[in-house]
Amino acid sequence: MLSVQQRASSLAHSVRRLMATAAPNIGDTKVQMSLLEPGRYINYQRIEDNLAIVRKRLGRPLTLSEKILYGHLDDPHNQDIERGKSYLKLRPDRVACQDATAQMALLQFMSAGMPTTAVPTTVHCDHLIEAQVGGVKDLARAIDINKEVYDFLATATAKYGIGFWKPGSGIIHQIILENYAFPGGLMIGTDSHTPNAGGLGMIACGVGGADAVDVMADIPWELKCPKAIGVKLTGKISGWTTPKGEIFFSGPSVVSTFC
């Protein structure tokens, strides 16, 4: 029979083991959103907290895309969630604008009377550069023709704490992928190629300038709850077949889909 002292020692050891193996909260570790934005951190804890609520409400497993979307719900307790019918109110992590669409977006944001944007935002000057002769001459021509636009974008972004990528910095989609995309994030951009940022495991959607301004001004972004399409592959991949090839070329005989 164990003595009181031995029991106490055993209990203390068990408690230490439990404390040592307990999973920490995901929010305990701060993860910087971008090396270019000190003091801005990814709110993974909000995503985890939202998903705990949504899982309990729906009572079913979630797809990866659902985890990212529902993890950014503005009100997970009361949000109506029905695929293909509900309109979700979401809180994206960041916004990106190209120079052609950023002009009106910034003018609208200025009327909000806010000192800075509610979420990290960037403006990229690449769309007003026309390819005619060559890189150096085309860039010089664009800077000359669009001087007034570029000056406005540069000064407005500086005033409101918005990231500014001047003409010649690079293409918006690659800059975002290399500097701002991150797993589990939700981003909107005023360009149809915004989904390129999904290459790092986030959901990135192209939107109009009005949607971008809403998020910049701390208003939830509305999106119709998407349907889920599942793909089931059967059989065996041959030696020269890649998973990407299967996505492109799989026919109805090997793929079943559902909505």
# chains A, B, ... in the order shown; residues from 1 in each chain; ligands from 1

call {"tool": "select_by_dssp", "arguments": {"residues": "stretch 51-242 of chain A", "states": "strand (DSSP E or B)", "output": "ChimeraX atom specification"}}
result
/A:73,87-90,94-98,121-124,163-165,186-189,203-206,221-224,230-233

call {"tool": "residues_around", "arguments": {"residues": "stretch 36-39 of chain A", "least_positions_apart": "6", "cutoff": "12 Å", "atoms": "only C-alpha atoms", "output": "PyMOL selection string"}}
result
chain A and resi 30+94+119-122+161-165+175-176+178-180

call {"tool": "closest_residue", "arguments": {"among": "A:Met110, A:Ser34, A:Gly184, A:Gln103", "to": "A:Glu48", "atoms": "only C-alpha atoms"}}
result
A:Gly184

call {"tool": "select_by_dssp", "arguments": {"residues": "stretch 48-193 of chain A", "states": "alpha helix (DSSP H)", "output": "NGL selection string"}}
result
:A and (48-58 or 64-70 or 99-110 or 135-145 or 147-159 or 172-179)

call {"tool": "closest_atom_pairs", "arguments": {"of": "stretch 168-189 of chain A", "to": "stretch 56-74 of chain A", "cutoff": "12 Å", "atoms": "only C-alpha atoms", "output": "tab-separated table"}}
result
residue	atom	partner	partner_atom	distance
A:Phe182	CA	A:Ile68	CA	11.6
A:Pro183	CA	A:Ile68	CA	9.1
A:Gly184	CA	A:Ile68	CA	5.6
A:Gly185	CA	A:Ile68	CA	6.8
A:Leu186	CA	A:Ile68	CA	6.9
A:Met187	CA	A:His72	CA	10.4

call {"tool": "closest_residue", "arguments": {"among": "A:Gln108, A:Val213, A:Met114, A:Ile171", "to": "A:Ile129", "atoms": "only C-alpha atoms"}}
result
A:Ile171

call {"tool": "atom_distance", "arguments": {"atom1": "atom CA of A:Ala118", "atom2": "atom CA of A:Gly27"}}
result
20.2 Å

call {"tool": "residues_around", "arguments": {"residues": "A:Leu128", "least_positions_apart": "3", "cutoff": "10 Å", "atoms": "only C-alpha atoms", "output": "list in words"}}
result
Gln98, Asp99, Ala100, Cys125, Ala131, Leu139, Ala142, Ile143, Ile145, Asn146, Val149, Tyr150 and Pro167 of chain A

call {"tool": "residues_around", "arguments": {"residues": "A:Thr29", "least_positions_apart": "3", "cutoff": "10 Å", "atoms": "only C-alpha atoms", "output": "list of chain:residue names"}}
result
A:Pro24, A:Asn25, A:Ile26, A:Gln32, A:Tyr41, A:Ile42, A:Tyr44, A:Gln45

call {"tool": "closest_residue", "arguments": {"among": "A:Lys89, A:His193, A:His77, A:Lys159", "to": "A:His127", "atoms": "only C-alpha atoms"}}
result
A:His193

call {"tool": "atom_distance", "arguments": {"atom1": "atom CA of A:Asn78", "atom2": "atom CA of A:Arg55"}}
result
13.3 Å

call {"tool": "atom_distance", "arguments": {"atom1": "atom CA of A:Val123", "atom2": "atom CA of A:Gly201"}}
result
22.0 Å

call {"tool": "closest_atom_pairs", "arguments": {"of": "stretch 86-185 of chain A", "to": "stretch 217-241 of chain A", "cutoff": "7 Å", "atoms": "only C-alpha atoms", "output": "Markdown table"}}
result
| residue | atom | partner | partner_atom | distance |
| --- | --- | --- | --- | --- |
| A:Ser86 | CA | A:Cys225 | CA | 5.3 |
| A:Tyr87 | CA | A:Lys224 | CA | 4.2 |
| A:Leu88 | CA | A:Leu223 | CA | 5.2 |
| A:Lys89 | CA | A:Glu222 | CA | 4.7 |
| A:Leu90 | CA | A:Trp221 | CA | 5.0 |
| A:Arg91 | CA | A:Pro220 | CA | 5.4 |
| A:Phe109 | CA | A:Ala217 | CA | 6.7 |
| A:Ala112 | CA | A:Ala217 | CA | 6.8 |
| A:Thr117 | CA | A:Ala217 | CA | 6.1 |
| A:Ala118 | CA | A:Asp218 | CA | 5.2 |

call {"tool": "write_last_selection", "arguments": {"atoms": "all heavy atoms", "output": "mmCIF file, in the first residue's frame"}}
result
data_model
loop_
_atom_site.group_PDB
_atom_site.id
_atom_site.type_symbol
_atom_site.label_atom_id
_atom_site.label_comp_id
_atom_site.auth_asym_id
_atom_site.auth_seq_id
_atom_site.Cartn_x
_atom_site.Cartn_y
_atom_site.Cartn_z
ATOM 1 N N SER A 86 -27.059 31.074 -48.124
ATOM 2 C CA SER A 86 -26.767 32.112 -47.134
ATOM 3 C C SER A 86 -25.748 33.123 -47.667
ATOM 4 O O SER A 86 -24.922 32.806 -48.527
ATOM 5 C CB SER A 86 -26.217 31.477 -45.856
ATOM 6 O OG SER A 86 -27.077 30.491 -45.362
ATOM 7 N N TYR A 87 -25.821 34.327 -47.152
ATOM 8 C CA TYR A 87 -24.799 35.339 -47.429
ATOM 9 C C TYR A 87 -23.964 35.504 -46.167
ATOM 10 O O TYR A 87 -24.465 35.943 -45.134
ATOM 11 C CB TYR A 87 -25.435 36.655 -47.864
ATOM 12 C CG TYR A 87 -25.833 36.655 -49.320
ATOM 13 C CD1 TYR A 87 -27.086 36.184 -49.711
ATOM 14 C CD2 TYR A 87 -24.936 37.078 -50.302
ATOM 15 C CE1 TYR A 87 -27.441 36.154 -51.056
ATOM 16 C CE2 TYR A 87 -25.282 37.047 -51.642
ATOM 17 C CZ TYR A 87 -26.532 36.586 -52.015
ATOM 18 O OH TYR A 87 -26.878 36.544 -53.347
ATOM 19 N N LEU A 88 -22.698 35.131 -46.277
ATOM 20 C CA LEU A 88 -21.800 35.173 -45.133
ATOM 21 C C LEU A 88 -21.234 36.585 -44.959
ATOM 22 O O LEU A 88 -20.886 37.258 -45.930
ATOM 23 C CB LEU A 88 -20.641 34.194 -45.328
ATOM 24 C CG LEU A 88 -21.008 32.742 -45.652
ATOM 25 C CD1 LEU A 88 -19.732 31.932 -45.879
ATOM 26 C CD2 LEU A 88 -21.849 32.135 -44.542
ATOM 27 N N LYS A 89 -21.122 37.008 -43.721
ATOM 28 C CA LYS A 89 -20.435 38.250 -43.396
ATOM 29 C C LYS A 89 -19.070 37.878 -42.831
ATOM 30 O O LYS A 89 -18.975 37.249 -41.776
ATOM 31 C CB LYS A 89 -21.246 39.077 -42.404
ATOM 32 C CG LYS A 89 -22.518 39.656 -43.010
ATOM 33 C CD LYS A 89 -23.187 40.658 -42.072
ATOM 34 C CE LYS A 89 -24.389 41.296 -42.750
ATOM 35 N NZ LYS A 89 -25.037 42.310 -41.884
ATOM 36 N N LEU A 90 -18.031 38.263 -43.562
ATOM 37 C CA LEU A 90 -16.681 37.799 -43.266
ATOM 38 C C LEU A 90 -15.749 38.964 -42.923
ATOM 39 O O LEU A 90 -15.985 40.114 -43.308
ATOM 40 C CB LEU A 90 -16.129 37.025 -44.468
ATOM 41 C CG LEU A 90 -16.968 35.832 -44.940
ATOM 42 C CD1 LEU A 90 -16.554 35.418 -46.338
ATOM 43 C CD2 LEU A 90 -16.824 34.665 -43.967
ATOM 44 N N ARG A 91 -14.680 38.612 -42.219
ATOM 45 C CA ARG A 91 -13.651 39.584 -41.854
ATOM 46 C C ARG A 91 -12.309 39.182 -42.481
ATOM 47 O O ARG A 91 -11.511 38.459 -41.870
ATOM 48 C CB ARG A 91 -13.512 39.652 -40.330
ATOM 49 C CG ARG A 91 -14.715 40.258 -39.619
ATOM 50 C CD ARG A 91 -14.790 41.750 -39.839
ATOM 51 N NE ARG A 91 -15.882 42.376 -39.059
ATOM 52 C CZ ARG A 91 -16.101 43.680 -39.025
ATOM 53 N NH1 ARG A 91 -15.300 44.489 -39.702
ATOM 54 N NH2 ARG A 91 -17.095 44.174 -38.324
ATOM 55 N N PHE A 109 -12.460 55.577 -49.523
ATOM 56 C CA PHE A 109 -11.996 55.342 -48.152
ATOM 57 C C PHE A 109 -11.748 56.653 -47.428
ATOM 58 O O PHE A 109 -12.033 56.776 -46.223
ATOM 59 C CB PHE A 109 -10.723 54.493 -48.156
ATOM 60 C CG PHE A 109 -10.123 54.335 -46.788
ATOM 61 C CD1 PHE A 109 -10.700 53.484 -45.859
ATOM 62 C CD2 PHE A 109 -9.004 55.066 -46.414
ATOM 63 C CE1 PHE A 109 -10.177 53.363 -44.580
ATOM 64 C CE2 PHE A 109 -8.467 54.942 -45.146
ATOM 65 C CZ PHE A 109 -9.062 54.085 -44.226
ATOM 66 N N ALA A 112 -14.428 58.028 -45.322
ATOM 67 C CA ALA A 112 -14.800 57.324 -44.094
ATOM 68 C C ALA A 112 -14.298 58.040 -42.849
ATOM 69 O O ALA A 112 -14.769 57.781 -41.736
ATOM 70 C CB ALA A 112 -14.269 55.891 -44.122
ATOM 71 N N THR A 117 -6.367 52.225 -42.362
ATOM 72 C CA THR A 117 -7.268 51.139 -42.745
ATOM 73 C C THR A 117 -7.440 50.146 -41.601
ATOM 74 O O THR A 117 -6.537 49.962 -40.775
ATOM 75 C CB THR A 117 -6.738 50.399 -43.982
ATOM 76 O OG1 THR A 117 -5.405 49.914 -43.713
ATOM 77 C CG2 THR A 117 -6.704 51.308 -45.183
ATOM 78 N N ALA A 118 -8.610 49.484 -41.571
ATOM 79 C CA ALA A 118 -8.900 48.534 -40.500
ATOM 80 C C ALA A 118 -8.063 47.269 -40.608
ATOM 81 O O ALA A 118 -7.788 46.610 -39.606
ATOM 82 C CB ALA A 118 -10.387 48.177 -40.517
#
